[in-house]
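Student: Let me begin by handing over the structure; questions about it come next.
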Amino acid sequence: MSPDKSKIKEYAGGWITEREGTAVPGFLKLAYILVAGGCAAYFLMYMYGEVDHPDRGGLVRAFNAATEASGTLMYGIVALIVIYGIIVVAFSFGKHD
């Protein structure tokens, strides 16, 4: 049983193909949540640099003291990451034609 060529969509010059009418697998939808959450967690953990590193932690703390990083800006960026994650998850779980 060979698939009908008209029922297979090609993207990126044939590098990506999908059969018409198939849904995105659930594990792939959950991957969107994990990636967005991982980005937000990584940013929150290291938004002021690696201040606890044994070798360069002192240098990072000195740089932070000299440049006075804006906490408001950093939390604003985290909010944008969360908003983007919500939009991607809502889009991936929504129904599309």
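Ligands are numbered from 1 in the order shown, chains are lettered A, B, ... in the order of the structure tokens, and residues start at 1 in each chain.
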Can you list every residue in stretch 2-95 of chain A that DSSP puts in helix (DSSP H, G or I), as a ChimeraX atom specification?

Tutor: /A:5-7,12-14,26-46,57-67,71-93

Student: Which residues are close to stretch 76-91 of chain A, i.e. within 9 Å by only C-alpha atoms, leaving aside same-chain residues fewer than 5 positions away? Reply as an NGL selection string.

Tutor: :A and (29-30 or 32-33 or 35-37 or 39-41 or 43-44 or 71 or 96)

Student: Generate a file of the selected residues that holds N, CA, C and O atoms, formatted as a PDB file, in the first residue's frame.

Tutor:
```pdb
ATOM      1  N   LYS A  29       3.721  17.811  21.947  1.00  0.00           N
ATOM      2  CA  LYS A  29       3.060  18.976  22.529  1.00  0.00           C
ATOM      3  C   LYS A  29       3.590  19.254  23.934  1.00  0.00           C
ATOM      4  O   LYS A  29       3.785  20.407  24.314  1.00  0.00           O
ATOM      5  N   LEU A  30       3.841  18.204  24.694  1.00  0.00           N
ATOM      6  CA  LEU A  30       4.400  18.389  26.034  1.00  0.00           C
ATOM      7  C   LEU A  30       5.839  18.893  25.985  1.00  0.00           C
ATOM      8  O   LEU A  30       6.304  19.551  26.914  1.00  0.00           O
ATOM      9  N   TYR A  32       6.862  21.230  24.101  1.00  0.00           N
ATOM     10  CA  TYR A  32       6.770  22.690  24.081  1.00  0.00           C
ATOM     11  C   TYR A  32       6.744  23.244  25.504  1.00  0.00           C
ATOM     12  O   TYR A  32       7.400  24.236  25.809  1.00  0.00           O
ATOM     13  N   ILE A  33       5.983  22.600  26.375  1.00  0.00           N
ATOM     14  CA  ILE A  33       5.878  23.043  27.765  1.00  0.00           C
ATOM     15  C   ILE A  33       7.229  22.912  28.460  1.00  0.00           C
ATOM     16  O   ILE A  33       7.668  23.817  29.176  1.00  0.00           O
ATOM     17  N   VAL A  35      10.265  22.846  27.127  1.00  0.00           N
ATOM     18  CA  VAL A  35      11.255  23.782  26.594  1.00  0.00           C
ATOM     19  C   VAL A  35      10.998  25.191  27.122  1.00  0.00           C
ATOM     20  O   VAL A  35      11.933  25.878  27.562  1.00  0.00           O
ATOM     21  N   ALA A  36       9.750  25.636  27.098  1.00  0.00           N
ATOM     22  CA  ALA A  36       9.438  26.980  27.604  1.00  0.00           C
ATOM     23  C   ALA A  36       9.732  27.083  29.102  1.00  0.00           C
ATOM     24  O   ALA A  36      10.301  28.070  29.565  1.00  0.00           O
ATOM     25  N   GLY A  37       9.367  26.045  29.851  1.00  0.00           N
ATOM     26  CA  GLY A  37       9.665  26.042  31.292  1.00  0.00           C
ATOM     27  C   GLY A  37      11.153  26.002  31.567  1.00  0.00           C
ATOM     28  O   GLY A  37      11.643  26.665  32.486  1.00  0.00           O
ATOM     29  N   CYS A  39      13.532  27.188  29.612  1.00  0.00           N
ATOM     30  CA  CYS A  39      14.089  28.505  29.294  1.00  0.00           C
ATOM     31  C   CYS A  39      13.857  29.494  30.428  1.00  0.00           C
ATOM     32  O   CYS A  39      14.765  30.234  30.823  1.00  0.00           O
ATOM     33  N   ALA A  40      12.645  29.504  30.956  1.00  0.00           N
ATOM     34  CA  ALA A  40      12.332  30.424  32.053  1.00  0.00           C
ATOM     35  C   ALA A  40      13.139  30.072  33.305  1.00  0.00           C
ATOM     36  O   ALA A  40      13.684  30.964  33.965  1.00  0.00           O
ATOM     37  N   ALA A  41      13.241  28.777  33.619  1.00  0.00           N
ATOM     38  CA  ALA A  41      14.004  28.368  34.805  1.00  0.00           C
ATOM     39  C   ALA A  41      15.491  28.699  34.657  1.00  0.00           C
ATOM     40  O   ALA A  41      16.121  29.205  35.597  1.00  0.00           O
ATOM     41  N   PHE A  43      16.826  31.042  32.805  1.00  0.00           N
ATOM     42  CA  PHE A  43      16.999  32.492  32.883  1.00  0.00           C
ATOM     43  C   PHE A  43      16.907  32.976  34.324  1.00  0.00           C
ATOM     44  O   PHE A  43      17.689  33.823  34.749  1.00  0.00           O
ATOM     45  N   LEU A  44      15.940  32.434  35.095  1.00  0.00           N
ATOM     46  CA  LEU A  44      15.810  32.845  36.496  1.00  0.00           C
ATOM     47  C   LEU A  44      17.030  32.438  37.316  1.00  0.00           C
ATOM     48  O   LEU A  44      17.471  33.183  38.190  1.00  0.00           O
ATOM     49  N   GLY A  71      16.856  44.511  37.973  1.00  0.00           N
ATOM     50  CA  GLY A  71      15.980  43.399  38.307  1.00  0.00           C
ATOM     51  C   GLY A  71      14.640  43.502  37.608  1.00  0.00           C
ATOM     52  O   GLY A  71      14.070  42.503  37.182  1.00  0.00           O
ATOM     53  N   HIS A  96      -6.603  23.201  14.394  1.00  0.00           N
ATOM     54  CA  HIS A  96      -6.230  23.936  13.191  1.00  0.00           C
ATOM     55  C   HIS A  96      -6.721  23.194  11.964  1.00  0.00           C
ATOM     56  O   HIS A  96      -6.842  21.979  11.965  1.00  0.00           O
TER      57      HIS A  96
END
```

Student: I'd like the neighbourhood of stretch 49-54 of chain A as a ChimeraX atom specification, where a residue qualifies if any of its atoms comes within 12 Å (using only C-alpha atoms), though same-chain residues fewer than 6 positions away should be ignored.

Tutor: /A:42-43,60-65,69,74

Student: Could you please take those selected residues and save C-alpha atoms as an mmCIF file, in the first residue's frame?

Tutor:
```
data_model
loop_
_atom_site.group_PDB
_atom_site.id
_atom_site.type_symbol
_atom_site.label_atom_id
_atom_site.label_comp_id
_atom_site.auth_asym_id
_atom_site.auth_seq_id
_atom_site.Cartn_x
_atom_site.Cartn_y
_atom_site.Cartn_z
ATOM 1 C CA TYR A 42 17.467 28.757 33.249
ATOM 2 C CA PHE A 43 16.999 32.492 32.883
ATOM 3 C CA VAL A 60 30.810 38.092 38.075
ATOM 4 C CA ARG A 61 29.848 39.677 41.404
ATOM 5 C CA ALA A 62 32.277 42.554 40.788
ATOM 6 C CA PHE A 63 30.868 43.071 37.291
ATOM 7 C CA ASN A 64 27.311 43.033 38.654
ATOM 8 C CA ALA A 65 28.253 45.632 41.274
ATOM 9 C CA ALA A 69 21.825 45.004 36.624
ATOM 10 C CA MET A 74 15.178 40.792 34.093
#
```

Student: Quick one, how far is atom CA of A:Gly94 from atom CA of A:Phe27?

Tutor: 15.1 Å
